[in-house]
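Notes follow once the structure below has been shown.
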Amino acid sequence: MILASIILLIVQTEFLLFMGLAKKFLTVSGLTVVSRILGVFRETLLVHFLGASMEMDAFTTAFKFPAFFRRFFAEGGFQSIFVPYFTDFTAANKLNGAKYFSSRIFSLIFWIMLLITILIEIFAKEFTIFMAPGFASIPEKLKLTTEFTRIVFPSVAFVSLSTIYSGILISKHKFFPFAMAPILVNFVLITSLFVGTDLFSAGRRISCGVLAAGIFQLFYMYIYVKFQKLPTPSLSSLKPSLKVKNLLKKLVPVLAGAGVAQVNILMGSFFASFLPTGCITYLYCADRFIQFPLALFGISMGIVLLPEIAEGIAKGEKNNIRNIQNKSILFTLRLTLPSVCGLIALSYYMISLLYGHGKFDQFAVTHTSNILKVSAIGLPSFVMAKIMSSVLFAQKNAKAPMNAAIISIIVNIILSFILINPFHEIGLAISSTIAGFVNVFVMCRQSKGWFKFEKSLIMDFMKILLASTAMLFVILAFNFYNTPISKLDEFLTLFVSCSTGFFIYIGTLILLKDNSMISYANFIYKKFKKD
């Protein structure tokens, strides 16, 4: 990913200052890097085979809803509410109660997802029209999307159930198996693209791969929980306990609060279905680049923070919670802001290098690059929202994220209606970006004063912003007269730009007397001098 050297350097800086929490973050984010690299490789292969075609639009649309559930369950939404309740039992050493509670939730999800899956399989065509109404006027695209939906949707049930097991592992601070699962899932998906090439199209192969990956993920998480000898949920009576009832009351607010980014993506797909073939693919490919730093910084930190804050609240240790929260936000912004500048300055080269081959032509590269520039601006809001919602959910406060999410989604819908005609897919990206910042703003206002940032934290943020801006202008100036004519030229341009940006960003922070950067520079100097 862009500016990887900056990420590594600053992670080490914060590692010295942030102690144990950074170790857990490195476990999750380190494996997330591997997973996202494999994900980029998977998407590169898929785009190579399909390009910005009708089949690619059909698959990405069919995949949107399973992706929504996977991100909601696997990337912190459901776990944000499950882990604090499960931690209440384990913190009090009530293992039987923990198993009883998790089994009730497991059974409830099993039967609900079974019913939903059956209904979707029967009414797949109607569901497709609901998700992408613009496809109704294109029979061939509607037929393909319906077929892919029937194949991929059952994976939702398997992924949803696996999250119960991963939530148990997270509550016990066992982050490795949770973060390892997406890596193995990506191996399954990549393999599926090369199986049955003579019999099925690439869209059908990857759709079957999504289903196989969901089944694999469930059994992988189940085996790991059993191996660790932790309370293992299973099918049981649906009679809910008080804890289960409390969780269910908060489930809808959690869905709205934690899934706002995913809901906005679904809205983008809804409106894009009325645009020409290829627009859905452009939005999908640009979103893949946004998901990389979002998962690496925001989701990883949110996952690590969740059990820390939940345990602190359960044990009555509230003094350091706000301090941990504020440092976590600064920690992720230190990584996110330079990534935003890199994505804006180098979007065309990145899209062209990874996707600009096979059936994905230069027209598609240009359109995807323009979307990425706009979407990158909203990245800090998406990262902040992940951390802030995790902090609030750990306190069992689902109201603030829910209210923020509802307002954000309404803003996104209104802006999409206004901007889709004059700006097409770019208008949808603008709408989603603005909605992201609205979400964070409202969450701050609805948090009952919890998110109050100290003056020193604001000053550090301004230093990071100035350093990132300086890096952006230097990279833009460096590439102003540069016109790569080959893939090797594009690679060299990215390499030189990232290296230049690295020194500009770090050097500017040191000139601005950023404490974290100076501390790390002193550490390196003393270590070098000692050696």
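As shown in the structure tokens, the chain order sets the letters A, B, ...; within each chain, residues go from 1, and ligands are also counted from 1 in the order they appear.
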Quiz item: Which polymer residues have any atom within 12 Å of an atom of A:Phe363, counting only C-alpha atoms, with same-chain residues fewer than 4 positions away left out, as a count of residues only?
Solution: 16
Self-check item: For A:Arg205: contacts at 12 Å, only C-alpha atoms, fewer than 4 positions along chain excluded, given as a count of residues only
Solution: 26
Quiz item: Looking at only C-alpha atoms, which of A:Met350, A:Leu472, A:Leu419, A:Val496 is the one that sits closest to A:Thr366?
Solution: A:Met350
Practice problem: Using DSSP on the backbone coordinates, identify the residues of stretch 316-455 of chain A assigned to helix (DSSP H, G or I); present them as a PyMOL selection string. | Solution: chain A and resi 321-355+362-377+379-394+399-423+425-445+455
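Of note, atom CA of A:Ala376 and atom CA of A:Val340 are spaced 5.4 Å apart.
If you look at atom CA of A:Leu335 and atom CA of A:Pro293, they are 8.6 Å away from each other.
You can rank A:Val33, A:Leu346, A:Ile430, A:Leu230 by their closest distance to A:Asn96 using only C-alpha atoms, and at the top of that list sits A:Leu230.
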Self-check item: Option closest in space to A:Thr508, from A:Lys399, A:Val374, A:Phe89, A:Pro338 [counting only C-alpha atoms]
Solution: A:Pro338
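Distance annotation: of A:Val438, A:Arg334, A:Lys229, A:Pro276, the residue with the minimal separation from A:Ser137 is A:Pro276; atom set is only C-alpha atoms.
If you look at atom CA of A:Phe441 and atom CA of A:Arg288, they are 24.9 Å away from each other.
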Quiz prompt | Nearest to A:Arg36 by atom-to-atom distance, counting only C-alpha atoms, from A:Ile116, A:Phe127, A:Phe292, A:Thr61 | solution = A:Phe292
